[in-house]
file final_24.cif (mmCIF, C-alpha atoms)
data_target
loop_
_atom_site.label_atom_id
_atom_site.label_comp_id
_atom_site.auth_asym_id
_atom_site.auth_seq_id
_atom_site.Cartn_x
_atom_site.Cartn_y
_atom_site.Cartn_z
CA MET X 1 4.00 14.72 6.79
CA ALA X 2 3.10 12.74 9.86
CA PRO X 3 -0.70 12.20 9.82
CA SER X 4 -0.86 12.21 13.62
CA ALA X 5 0.24 15.84 13.70
CA ARG X 6 -2.68 17.09 11.65
CA LEU X 7 -5.95 15.87 13.13
CA GLY X 8 -6.68 18.88 15.28
CA SER X 9 -5.98 21.35 12.49
CA LEU X 10 -8.00 19.48 9.85
CA VAL X 11 -11.25 18.27 11.32
CA ALA X 12 -12.98 21.49 12.29
CA PRO X 13 -12.33 23.28 8.97
CA VAL X 14 -13.42 20.20 7.04
CA LEU X 15 -16.75 19.93 8.75
CA ALA X 16 -17.38 23.63 8.27
CA SER X 17 -16.25 23.86 4.66
CA GLY X 18 -18.78 21.74 2.81
CA LEU X 19 -16.16 19.03 2.13
CA ALA X 20 -17.71 17.22 5.06
CA LEU X 21 -17.18 13.56 5.78
CA ALA X 22 -20.79 12.76 5.16
CA GLY X 23 -20.56 14.33 1.71
CA ALA X 24 -17.65 12.16 0.77
CA ILE X 25 -19.40 9.02 1.96
CA GLY X 26 -22.63 9.86 0.22
CA ALA X 27 -20.83 10.01 -3.08
CA CYS X 28 -19.86 6.35 -2.69
CA SER X 29 -23.05 4.82 -1.33
CA SER X 30 -24.47 3.78 -4.69
CA GLU X 31 -21.56 1.42 -5.32
CA THR X 32 -23.04 -1.23 -3.09
CA THR X 33 -25.67 -2.01 -5.70
CA SER X 34 -23.04 -2.96 -8.27
CA LEU X 35 -20.54 -4.71 -5.97
CA GLU X 36 -18.27 -2.48 -4.95
CA SER X 37 -1.93 -7.31 5.19
CA SER X 38 13.90 -22.29 12.91
CA SER X 39 36.28 -41.56 20.28
CA SER X 40 36.15 -38.37 17.69
CA GLY X 41 32.49 -38.83 16.82
CA GLY X 42 31.57 -37.56 20.30
CA ALA X 43 33.43 -34.33 19.66
CA ALA X 44 31.06 -33.56 16.82
CA ASP X 45 28.10 -33.47 19.22
CA GLY X 46 28.87 -29.94 20.37
CA GLY X 47 28.14 -29.24 24.08
CA SER X 48 28.10 -32.89 25.07
CA SER X 49 31.66 -33.28 23.78
CA GLY X 50 32.73 -30.82 26.49
CA THR X 51 31.60 -33.34 29.11
CA SER X 52 33.61 -36.01 27.36
CA GLY X 53 36.65 -33.76 27.48
CA THR X 54 36.21 -33.24 31.21
CA SER X 55 36.19 -36.96 31.80
CA GLY X 56 39.72 -37.27 30.38
CA THR X 57 42.73 -35.84 32.28
CA SER X 58 45.48 -36.70 29.83
CA GLY X 59 47.08 -34.42 27.25
CA THR X 60 45.39 -36.51 24.61
CA SER X 61 42.05 -35.39 25.98
CA GLY X 62 43.24 -31.84 25.50
CA THR X 63 43.64 -32.63 21.82
CA SER X 64 40.09 -33.86 21.85
CA GLY X 65 39.12 -30.47 23.24
CA THR X 66 40.68 -28.91 20.19
CA SER X 67 38.42 -31.12 18.16
CA GLY X 68 35.56 -29.53 20.05
CA THR X 69 36.72 -26.17 18.78
CA SER X 70 36.43 -27.56 15.31
CA GLY X 71 32.85 -28.46 16.15
CA THR X 72 32.15 -24.85 17.06
CA SER X 73 33.51 -23.88 13.71
CA GLY X 74 30.91 -26.15 12.21
CA ASP X 75 28.21 -24.20 14.07
CA ALA X 76 29.43 -21.02 12.46
CA GLY X 77 29.08 -22.70 9.11
CA SER X 78 25.44 -23.55 9.72
CA SER X 79 24.89 -19.98 10.78
CA GLY X 80 25.97 -19.00 7.30
CA ASP X 81 23.36 -21.36 5.88
CA GLY X 82 20.72 -19.50 7.82
CA GLY X 83 21.84 -16.25 6.24
CA SER X 84 21.54 -17.60 2.73
CA SER X 85 18.00 -18.80 3.39
CA GLY X 86 16.87 -15.16 3.36
CA ASN X 87 18.07 -14.68 -0.22
CA PRO X 88 15.67 -14.34 -3.14
CA ALA X 89 12.86 -16.18 -1.34
CA THR X 90 10.81 -12.95 -1.53
CA ALA X 91 11.52 -12.23 -5.19
CA LEU X 92 8.38 -11.67 -7.23
CA LYS X 93 7.37 -14.12 -9.93
CA PRO X 94 4.89 -13.59 -12.76
CA GLY X 95 1.34 -14.55 -11.91
CA LYS X 96 -1.50 -13.72 -9.55
CA THR X 97 -1.23 -14.55 -5.85
CA THR X 98 -2.91 -13.60 -2.59
CA ARG X 99 -0.79 -12.55 0.37
CA THR X 100 -1.65 -11.97 4.01
CA ILE X 101 -0.01 -8.86 5.39
CA LYS X 102 -0.33 -7.88 9.04
CA ALA X 103 -0.76 -4.18 9.71
CA ALA X 104 -2.05 -2.34 12.77
CA GLY X 105 -2.47 -5.75 14.46
CA THR X 106 -4.83 -7.03 11.75
CA ASP X 107 -4.27 -9.64 9.03
CA ARG X 108 -5.18 -8.13 5.65
CA SER X 109 -5.67 -9.89 2.32
CA VAL X 110 -3.77 -8.45 -0.66
CA ILE X 111 -3.95 -9.68 -4.25
CA VAL X 112 -0.66 -9.22 -6.11
CA VAL X 113 -0.53 -9.40 -9.91
CA VAL X 114 2.93 -9.61 -11.49
CA PRO X 115 3.09 -9.36 -15.31
CA THR X 116 5.08 -11.73 -17.49
CA THR X 117 7.27 -8.76 -18.49
CA LEU X 118 8.95 -8.79 -15.05
CA GLY X 119 12.14 -10.43 -16.34
CA THR X 120 15.23 -9.49 -14.32
CA GLY X 121 14.52 -5.76 -14.11
CA THR X 122 12.22 -3.64 -11.95
CA LEU X 123 8.68 -2.47 -12.61
CA PRO X 124 6.37 0.26 -11.30
CA LEU X 125 4.09 -0.63 -8.39
CA VAL X 126 0.44 0.39 -8.37
CA ILE X 127 -1.49 -0.03 -5.11
CA ALA X 128 -5.16 0.03 -6.09
CA LEU X 129 -8.08 0.60 -3.70
CA HIS X 130 -11.64 -0.50 -4.43
CA GLY X 131 -14.85 1.35 -3.55
CA ASN X 132 -17.32 0.67 -0.76
CA GLY X 133 -18.96 -2.74 -0.84
CA ASP X 134 -16.66 -4.13 -3.53
CA THR X 135 -14.05 -6.90 -3.22
CA ASN X 136 -10.45 -6.65 -4.34
CA ALA X 137 -10.94 -9.64 -6.67
CA ASN X 138 -13.96 -8.10 -8.40
CA PHE X 139 -12.40 -4.65 -8.52
CA ILE X 140 -9.56 -5.65 -10.82
CA THR X 141 -11.54 -7.77 -13.28
CA GLY X 142 -15.17 -6.65 -12.96
CA THR X 143 -15.37 -3.06 -11.76
CA THR X 144 -12.23 -2.11 -13.73
CA THR X 145 -9.70 -3.57 -16.18
CA LEU X 146 -6.76 -3.17 -13.79
CA GLN X 147 -5.57 -6.77 -13.98
CA ALA X 148 -5.38 -6.68 -17.78
CA LEU X 149 -3.66 -3.29 -17.67
CA ALA X 150 -1.00 -4.65 -15.30
CA GLU X 151 -0.05 -7.14 -18.01
CA SER X 152 -0.31 -4.83 -21.02
CA LYS X 153 1.39 -1.82 -19.41
CA GLY X 154 3.90 -3.81 -17.36
CA PHE X 155 3.42 -2.90 -13.72
CA VAL X 156 3.04 -4.82 -10.46
CA LEU X 157 -0.48 -4.47 -9.08
CA ALA X 158 -1.23 -4.77 -5.35
CA VAL X 159 -4.91 -4.73 -4.36
CA PRO X 160 -5.78 -4.95 -0.66
CA GLN X 161 -9.23 -5.84 0.64
CA GLY X 162 -10.89 -3.05 2.58
CA ILE X 163 -12.56 -3.62 5.94
CA SER X 164 -15.93 -2.01 6.61
CA GLN X 165 -15.60 0.37 9.56
CA THR X 166 -17.71 2.77 11.51
CA ILE X 167 -15.48 5.66 12.43
CA THR X 168 -15.82 8.77 14.54
CA VAL X 169 -13.76 11.87 13.83
CA GLY X 170 -14.32 15.44 14.92
CA GLY X 171 -17.48 14.42 16.73
CA GLN X 172 -19.02 13.01 13.53
CA THR X 173 -19.75 9.28 13.17
CA VAL X 174 -19.44 7.79 9.71
CA PRO X 175 -20.83 4.26 9.27
CA GLY X 176 -19.81 1.57 6.81
CA VAL X 177 -16.71 2.81 4.99
CA ASP X 178 -14.19 0.34 3.58
CA TRP X 179 -11.33 2.85 3.76
CA ASP X 180 -10.53 5.54 6.32
CA PRO X 181 -9.02 8.65 4.73
CA TYR X 182 -10.04 10.81 7.70
CA ARG X 183 -8.37 9.72 10.96
CA THR X 184 -4.74 9.70 11.99
CA VAL X 185 -2.91 6.48 12.87
CA ALA X 186 -2.92 7.57 16.52
CA GLY X 187 -6.66 8.13 16.19
CA GLY X 188 -7.33 4.57 15.01
CA ASN X 189 -6.57 4.56 11.26
CA ILE X 190 -5.74 0.97 10.21
CA ASP X 191 -5.42 1.62 6.48
CA ILE X 192 -2.40 3.93 6.38
CA PRO X 193 -0.24 1.27 8.13
CA LEU X 194 -1.53 -1.30 5.63
CA LEU X 195 -0.45 0.73 2.61
CA ASP X 196 2.93 1.33 4.25
CA ALA X 197 3.32 -2.43 4.87
CA ILE X 198 2.43 -3.32 1.27
CA ARG X 199 5.06 -0.95 -0.05
CA THR X 200 7.70 -2.25 2.37
CA GLU X 201 7.10 -5.92 1.56
CA LEU X 202 6.99 -5.57 -2.21
CA VAL X 203 9.92 -3.16 -2.47
CA ALA X 204 11.98 -5.64 -0.40
CA SER X 205 11.55 -8.15 -3.23
CA GLY X 206 13.98 -6.15 -5.35
CA SER X 207 11.48 -6.23 -8.25
CA ILE X 208 10.02 -2.74 -7.78
CA ASP X 209 11.19 0.55 -9.28
CA THR X 210 11.12 2.75 -6.18
CA LYS X 211 10.86 5.91 -8.28
CA LYS X 212 7.55 4.69 -9.70
CA LEU X 213 5.28 3.96 -6.76
CA VAL X 214 1.65 4.85 -7.46
CA VAL X 215 -1.48 4.82 -5.32
CA PHE X 216 -4.76 4.64 -7.23
CA GLY X 217 -8.37 4.35 -6.12
CA TYR X 218 -12.02 4.53 -7.07
CA SER X 219 -14.73 6.20 -5.01
CA GLN X 220 -14.03 5.63 -1.30
CA GLY X 221 -10.77 4.07 -2.41
CA GLY X 222 -10.13 7.28 -4.34
CA TYR X 223 -10.54 9.41 -1.23
CA MET X 224 -8.07 7.09 0.51
CA SER X 225 -5.69 7.35 -2.46
CA PHE X 226 -5.70 11.14 -2.28
CA ARG X 227 -5.12 11.14 1.49
CA TYR X 228 -2.24 8.66 1.29
CA GLY X 229 -0.77 10.43 -1.72
CA MET X 230 -0.58 13.71 0.16
CA ASP X 231 0.73 12.12 3.36
CA THR X 232 3.55 10.26 1.57
CA ALA X 233 4.13 12.61 -1.36
CA ALA X 234 7.89 12.61 -0.74
CA THR X 235 8.17 8.94 -1.70
CA LEU X 236 5.31 8.39 -4.17
CA ALA X 237 5.37 9.21 -7.87
CA CYS X 238 1.65 9.88 -8.31
CA ALA X 239 -1.81 9.64 -6.77
CA GLY X 240 -4.73 8.72 -9.04
CA LEU X 241 -8.44 8.76 -8.25
CA VAL X 242 -11.71 8.26 -10.08
CA GLY X 243 -15.10 9.33 -8.73
CA ALA X 244 -13.58 10.97 -5.65
CA ALA X 245 -11.82 14.10 -4.40
CA ASN X 246 -9.88 15.59 -1.49
CA PRO X 247 -11.46 14.11 1.68
CA LEU X 248 -10.12 16.67 4.14
CA GLY X 249 -9.92 20.05 2.45
CA PRO X 250 -7.11 22.48 1.57
CA GLN X 251 -5.06 21.86 4.72
CA LEU X 252 -4.29 18.36 3.45
CA THR X 253 -2.67 19.65 0.26
CA ALA X 254 -0.98 22.53 2.10
CA ALA X 255 0.82 20.08 4.39
CA ALA X 256 2.03 17.75 1.59
CA PRO X 257 5.86 17.46 1.65
CA ARG X 258 6.00 17.57 -2.17
CA LYS X 259 3.74 18.72 -4.97
CA ILE X 260 2.91 15.20 -6.07
CA PRO X 261 1.32 14.71 -9.51
CA VAL X 262 -2.38 13.88 -9.30
CA ALA X 263 -4.74 12.29 -11.83
CA LEU X 264 -8.43 12.98 -11.12
CA GLN X 265 -11.31 11.77 -13.30
CA ILE X 266 -15.02 12.06 -12.55
CA GLY X 267 -18.41 12.07 -14.24
CA THR X 268 -20.33 15.33 -14.47
CA ASN X 269 -23.36 13.62 -12.89
CA ASP X 270 -21.35 12.18 -9.99
CA GLY X 271 -22.49 13.43 -6.59
CA ALA X 272 -18.88 14.34 -5.79
CA ILE X 273 -18.44 16.61 -8.83
CA GLY X 274 -18.51 19.76 -6.70
CA GLN X 275 -15.80 18.40 -4.42
CA ALA X 276 -13.74 17.33 -7.42
CA ARG X 277 -13.90 20.81 -8.95
CA SER X 278 -12.91 22.38 -5.64
CA THR X 279 -10.02 19.92 -5.44
CA LYS X 280 -8.96 20.86 -8.97
CA THR X 281 -8.96 24.57 -8.12
CA ASP X 282 -6.98 23.97 -4.94
CA LEU X 283 -4.35 21.78 -6.63
CA GLU X 284 -3.88 24.14 -9.55
CA GLY X 285 -3.63 27.14 -7.24
CA LYS X 286 -0.84 25.46 -5.28
CA GLY X 287 1.08 24.31 -8.35
CA PHE X 288 0.47 20.56 -8.17
CA PRO X 289 0.85 18.79 -11.54
CA LEU X 290 -2.69 17.71 -12.41
CA ASP X 291 -4.33 15.57 -15.07
CA TYR X 292 -8.05 16.35 -14.69
CA HIS X 293 -10.91 14.92 -16.73
CA GLU X 294 -14.68 15.28 -16.49
CA ILE X 295 -16.73 12.66 -18.33
CA ALA X 296 -19.83 14.38 -19.68
CA GLY X 297 -23.13 12.80 -18.60
CA ALA X 298 -21.49 10.03 -16.57
CA GLY X 299 -22.54 9.26 -13.02
CA HIS X 300 -20.74 7.43 -10.26
CA VAL X 301 -21.43 3.84 -11.35
CA PRO X 302 -19.99 2.38 -13.52
CA VAL X 303 -16.51 3.90 -13.32
CA ALA X 304 -16.74 7.10 -15.35
CA GLY X 305 -14.44 6.88 -18.37
CA GLY X 306 -12.66 3.77 -17.09
CA VAL X 307 -9.25 3.75 -15.44
CA THR X 308 -6.85 3.68 -18.41
CA VAL X 309 -6.37 7.43 -18.89
CA PRO X 310 -5.66 8.47 -15.28
CA LEU X 311 -3.56 5.37 -14.64
CA THR X 312 -1.50 5.94 -17.78
CA TYR X 313 -0.76 9.48 -16.59
CA CYS X 314 0.38 8.21 -13.21
CA LEU X 315 2.59 5.51 -14.73
CA GLY X 316 4.29 8.27 -16.72
CA GLN X 317 5.35 10.07 -13.54
CA SER X 318 8.55 9.43 -11.59
CA LEU X 319 10.19 10.69 -8.41
CA PRO X 320 12.95 13.19 -9.11
#

call {"tool": "encode", "arguments": {"input": "final_24.cif", "output": "structure tokens"}}
result
Amino acid sequence: MAPSARLGSLVAPVLASGLALAGAIGACSSETTSLESSSSGGAADGGSSGTSGTSGTSGTSGTSGTSGTSGTSGDAGSSGDGGSSGNPATALKPGKTTRTIKAAGTDRSVIVVVPTTLGTGTLPLVIALHGNGDTNANFITGTTTLQALAESKGFVLAVPQGISQTITVGGQTVPGVDWDPYRTVAGGNIDIPLLDAIRTELVASGSIDTKKLVVFGYSQGGYMSFRYGMDTAATLACAGLVGAANPLGPQLTAAAPRKIPVALQIGTNDGAIGQARSTKTDLEGKGFPLDYHEIAGAGHVPVAGGVTVPLTYCLGQSLP
């Protein structure tokens, strides 16, 4: 589903349905208090040897010209060297690194964690999105246990840093969101191209199992996870979210190109619980595979129930 084709059909119903943008943002606002993209020697000189050949008029000089041909052959050889330089330079290696990936004209910071179990095979990829006000570094070791889970469960973890934005969609202005699950790319969305670029770069390494690509997010990152999961359902194995819900209403799920498995977990005291229950009803009614959990008495912060259960479900899914 191309996001740019849906803006007109989504915005008005969303704002009228109670799954309004402001409601989704309000559910995330409390996170800020907890910290939440290079003679014969002359013939070897290439072009200059041609001049040398011109200066001679004898048949012997013609032989020298042949030597020039040999020089050209040497150029072809160096061209082959250039080809080999693109070999496994992008292959992933175990450890934690930070990459800069350009998307939508903006340089974005992405932490990549590769477990020691990488070996010579391929592993699932989890793109994880933090909540408002958090950092990608804190998200994987402070807000959640994602970095440790990448090692114990054996998956590659990619965690981009969100950029705080004030966005306007459908006549409504939403200030200070780190992820934009509302607008189309044509309408100014910079996050969808980022997630696409992360997938492209890491899959090109040859270390990723392309049948096990997962997007996972908490709070505002969870809304973004759901949006991206529905947009790219044909090529993702699963979308997981905690403390979040569908950011755009039933039209988003109706337009999904595949009934992608979804893991949704939320506390019963979370401000987004009503949206989460509506999302559950919508997904079940349309036949989406769903792993849904409510954590009794839990609010929005800290992460209700942790991330192990929904992430484990998503890691168990695979593209057909």

call {"tool": "closest_atom_pairs", "arguments": {"input": "final_24.cif", "of": "region 102-191 of chain X", "to": "region 203-212 of chain X", "cutoff": "9 Å", "atoms": "only C-alpha atoms", "output": "Markdown table"}}
result
| residue | atom | partner | partner_atom | distance |
| --- | --- | --- | --- | --- |
| X:Leu118 | CA | X:Ser207 | CA | 7.7 |
| X:Thr120 | CA | X:Ser207 | CA | 7.8 |
| X:Gly121 | CA | X:Ser207 | CA | 6.6 |
| X:Thr122 | CA | X:Ser207 | CA | 4.6 |
| X:Leu123 | CA | X:Ile208 | CA | 5.0 |
| X:Pro124 | CA | X:Lys212 | CA | 4.9 |
| X:Leu125 | CA | X:Ile208 | CA | 6.3 |
| X:Val126 | CA | X:Lys212 | CA | 8.4 |
| X:Phe155 | CA | X:Ile208 | CA | 8.9 |
| X:Val156 | CA | X:Ile208 | CA | 7.8 |

call {"tool": "closest_atom_pairs", "arguments": {"input": "final_24.cif", "of": "region 157-254 of chain X", "to": "region 129-138 of chain X", "cutoff": "9 Å", "atoms": "all atoms listed in the file", "output": "CSV"}}
result
residue,atom,partner,partner_atom,distance
X:Ala158,CA,X:Leu129,CA,8.9
X:Val159,CA,X:Asn136,CA,5.9
X:Pro160,CA,X:Asn136,CA,6.2
X:Gln161,CA,X:Asn136,CA,5.2
X:Gly162,CA,X:His130,CA,7.5
X:Ser164,CA,X:Asn132,CA,8.0
X:Gly176,CA,X:Asn132,CA,8.0
X:Val177,CA,X:Asn132,CA,6.2
X:Asp178,CA,X:Asn132,CA,5.4
X:Trp179,CA,X:Asn132,CA,7.8
X:Val215,CA,X:Leu129,CA,8.0
X:Phe216,CA,X:Leu129,CA,6.3
X:Gly217,CA,X:Leu129,CA,4.5
X:Tyr218,CA,X:Gly131,CA,5.5
X:Ser219,CA,X:Gly131,CA,5.1
X:Gln220,CA,X:Gly131,CA,4.9
X:Gly221,CA,X:Leu129,CA,4.6
X:Gly222,CA,X:Leu129,CA,7.0
X:Met224,CA,X:Leu129,CA,7.7
X:Ser225,CA,X:Leu129,CA,7.3

call {"tool": "resolve_selection", "arguments": {"input": "final_24.cif", "expression": "the PyMOL selection byres ((chain X and resi 166) around 6)", "output": "ChimeraX atom specification"}}
result
/X:165,167,174-176

call {"tool": "atom_distance", "arguments": {"input": "final_24.cif", "atom1": "CA of Ile101 (chain X)", "atom2": "CA of Gly188 (chain X)"}}
result
18.1 Å

call {"tool": "atom_distance", "arguments": {"input": "final_24.cif", "atom1": "CA of Tyr313 (chain X)", "atom2": "CA of Ala254 (chain X)"}}
result
22.8 Å

call {"tool": "residues_around", "arguments": {"input": "final_24.cif", "residues": "Val303 (chain X)", "least_positions_apart": "2", "cutoff": "8 Å", "atoms": "all atoms listed in the file", "output": "count of residues only"}}
result
10

call {"tool": "closest_residue", "arguments": {"input": "final_24.cif", "among": "X:Ala233, X:Leu213, X:Ala304, X:Leu311", "to": "Ile198 (chain X)", "atoms": "all atoms listed in the file"}}
result
X:Leu213

call {"tool": "closest_residue", "arguments": {"input": "final_24.cif", "among": "X:Lys93, X:Arg227, X:Lys259, X:Lys102", "to": "Pro247 (chain X)", "atoms": "all atoms listed in the file"}}
result
X:Arg227

call {"tool": "atom_distance", "arguments": {"input": "final_24.cif", "atom1": "CA of Ala186 (chain X)", "atom2": "CA of Thr235 (chain X)"}}
result
21.4 Å

call {"tool": "closest_residue", "arguments": {"input": "final_24.cif", "among": "X:Asp291, X:Asp196, X:Glu284, X:Asp231", "to": "Val262 (chain X)", "atoms": "all atoms listed in the file"}}
result
X:Asp291
